[in-house]
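Notes follow the structure.
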Amino acid sequence: MLFRKLNKYFKSIRREPVRFILFFCSFLSIIFLFLMLVFILKEGAQALLMFGVGFLVGPVWETNADLYGALPLIYGSLMIVFGALVIAVPLSLGTSVFISEIVPFSIRDILKSMIELLASIPSIIYGFIGILVVAPFVASLFSIPTGTVALTAAIILAIMTIPTIVGVSSEIISAVPKDYKEAALALGATKWQTIRYVVLPTAKSGVIAGILLGFGRAIGETVAVLMVAGNTAVIPSPPWNFLSPVYTLTGAIAMQMGEASVGSVEYSALFGLGVILFIITFIVNTLADSIIHKGTKKGAKK
Amino acid sequence: MMRKGRRAKEFLIFTIFGVCTGICLLAFLWITAILLSGSGTLSLTALITPVLNGGMFEMVIGTVYLLLGSAAVAGPVGVLAALYLVEYAPRNRITRLIDQSINNLAGMPSIVIGLFGYAFFCRALGLGISLAAGWLTLSLMMLPIVIRGSEEAIKMVPQTFKEGALAIGTTEWEVSRCITLPAAAPGIITSILLGIARVAGETAAILFTSCVMITRGLPKTPLDPIMALAFNLYVKIVALGETPDKVFGVALVLFLIVIVFALSAIILRIRYRRKQPWLR
């Protein structure tokens, strides 16, 4: 049975060799994702083996002493991403509902295009805007000497994350079947009640997936964040102090890679940070992917 | 009475949603306005003056080289991959795995892709800090965008077109080549333009793979390092600590390049939707 299947498969390839080329092109994405993990693991192995668990939980990141504990960086990254999501999630949800349920169809395209343009602005430009406008504003608002602190980074990051969340969740919200909504409206529900009790519960998992993707995008953001975050490798005291500078995983890689000589402990430690980032985003993306996949499968069955 | 209360509440809630949308749109307009306010510092002659004389000629050309090269790599591969996934792929575990990898590649931080590019293209393949290494690294970022966009476009081609061709005895590949791809072409071009817009301002991925601050003239071979706008902006602000107003010109040019690509993709898509009667 299997042999016959394989035989048929090879025959179809012989008849149309182009089929194999097409398969190979799409298989490249698996190959490169795999190579990516292998190569950053290989380059990071030295530091990972040298510090062991200490690489993850060590509280000191000090290049001069060759001490590499990534805890302050992980904390810094999570802190500003958390801050960014607190700002971005409510704004994005309001925007997605507004765009996909409330505005008339004719201007929906225009609004969506503008959000898409917001997504295409490069991160270096966001960083530029950050130090030009946002950092001085934060500094004068809280009368602190310099505005390159966690709060500024969180604000910039929030603007950058909004298009990702809006893109995914407005897509999912507009995909809620029309008959669901019509059924609710026919029962005498107002538009808001329909949205609140029918549309949002149906789209819930998709919206969560959107937030997860936003999280993934935010934690991997590099240039904009390092330009405004202050880059000091200590956990703020108290830990929720958003007015102190922080250092992030991505920032450390970008800042220190230039001066780290190939083969040194520092070089390897930076790839170790890459491994941490790879694993975090891999988990988040795979989770979001399976949520969306499950949702579309259920929809297809109906 | 109750009805009136409900109406008022609904209006209030919708207004709040509208304000959310307004804030997002204002953010975009505000960024554009700030950048355009620096247009006074920009002169057309700066675009064609060499970097050594204070212009940005090589940086602009370097950026264009990077974009065209990576589009030349990611475009064909991405379109063929999309074609496979829509038209040929069996529904099995491998196809699902490919799908997951594409999504993962799309969400991978650019700095991790940059690290990989350095370890793999620059060192393992021996390309060094070069234009070619930048092409390959950026094409990895572009690939998922091209695949996803092209998939959408290919899915839109009506089944009847293909069945008509199959009925007169063409092979599957002939159908793809002569019917599906031409019909999906505008959508495919849109996706490639969007991919270019996404990587045009990319800094983290080219940081250690293909750029240098100053080099003599334009690259002669793909193995030469290049100068690029985003990299220049990054080094000037982060490493040299120059104040933002000194680099306004470079930031504005970079912004305009990105917006031109993104906007042409969006306009093309909207026009394409209107032109194709079978889509609505």
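FYI, nothing fancy with the structure tokens labels: chains A, B, ... in order, residues from 1 per chain, ligands from 1 as they appear.
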For chain B against chain A, which residues fall within 7 Å using only C-alpha atoms, given as a ChimeraX atom specification?
/B:10,17-18,20-21,25,28,77,80-81,84,98,100-102,104-105,107-109,111-112,116,119-120,197-198,201-204,230,234,238,244,251,255,258,262,266
Can you pull out every residue within 9 Å of Lys204 in chain A, counting only C-alpha atoms, but drop anything in the same chain fewer than 6 positions away, and send it as JSON, numbers by chain?
{"A": [169, 172, 173]}
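In this model, the gap between CA of Tyr88 in chain B and CA of Glu172 in chain B comes to 8.9 Å.
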Please provide the set of residues having any atom within 10 Å of Tyr75 in chain A, restricted to only C-alpha atoms, with same-chain residues fewer than 2 positions apart removed, written as a ChimeraX atom specification.
/A:59,70-73,77-81,233-236,239,246-249
For range 67-74 of chain B, find every residue with an atom within 8 Å (counting only C-alpha atoms), except residues of its own chain fewer than 6 positions away, and show them as an MDAnalysis selection string.
chainID B and resid 134:136 138:140 142:143 146 192 195:196 199:200
Residues of the last selection are to be written out with C-alpha atoms, as a short mmCIF file (atom, residue, chain, number, x, y, z; two decimals), in the first residue's frame.
```
data_model
loop_
_atom_site.label_atom_id
_atom_site.label_comp_id
_atom_site.auth_asym_id
_atom_site.auth_seq_id
_atom_site.Cartn_x
_atom_site.Cartn_y
_atom_site.Cartn_z
CA GLY B 134 22.85 41.19 3.29
CA TRP B 135 20.74 39.97 0.36
CA LEU B 136 20.43 36.49 1.80
CA LEU B 138 17.08 40.17 4.26
CA SER B 139 15.49 37.66 1.91
CA LEU B 140 14.90 35.43 4.93
CA MET B 142 11.05 38.97 3.17
CA LEU B 143 10.20 35.37 2.37
CA VAL B 146 5.92 37.17 -0.04
CA ILE B 192 6.73 41.57 -3.11
CA GLY B 195 8.11 42.61 1.50
CA ILE B 196 10.47 45.29 0.20
CA VAL B 199 12.95 45.27 4.99
CA ALA B 200 13.78 48.67 3.48
#
```
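Pairwise distance (CA of Leu229 in chain B, CA of Ile259 in chain B) equals 14.6 Å.
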When DSSP is applied to the backbone of this structure, which of range 20-266 of chain B are assigned alpha helix (DSSP H)? Write them out as a PyMOL selection string.
chain B and resi 20-36+44-48+57-83+93-107+110-117+131-156+159-167+172-175+181-200+229-234+248-266
Grab the CA of Leu52 in chain B to CA of Thr32 in chain B distance for me, in Å with one decimal place.
29.0 Å
Which one is closest to Val250 in chain B: B:Thr95, B:Asn53, B:Gln159, B:Asn232? Count only C-alpha atoms.
B:Asn232
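Nearest residue to Leu223 in chain B among B:Ala132, B:Ile189, B:Val51, B:Ile94 is B:Ala132, counting only C-alpha atoms.
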Could you check which of B:Leu233, B:Gly62, B:Gly169, B:Ile270 is closest to Lys246 in chain B, using only C-alpha atoms?
B:Leu233
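By chain and then residue number, the residues within 6 Å of range 45-47 of chain B are B:Gly55, B:Met56, B:Phe57, counting only C-alpha atoms and disregarding those fewer than 3 positions away in sequence.
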Which residues come within 9 Å of Asp66 in chain A, counting only C-alpha atoms, excluding same-chain residues fewer than 5 positions away, as a ChimeraX atom specification?
/A:61,265-266
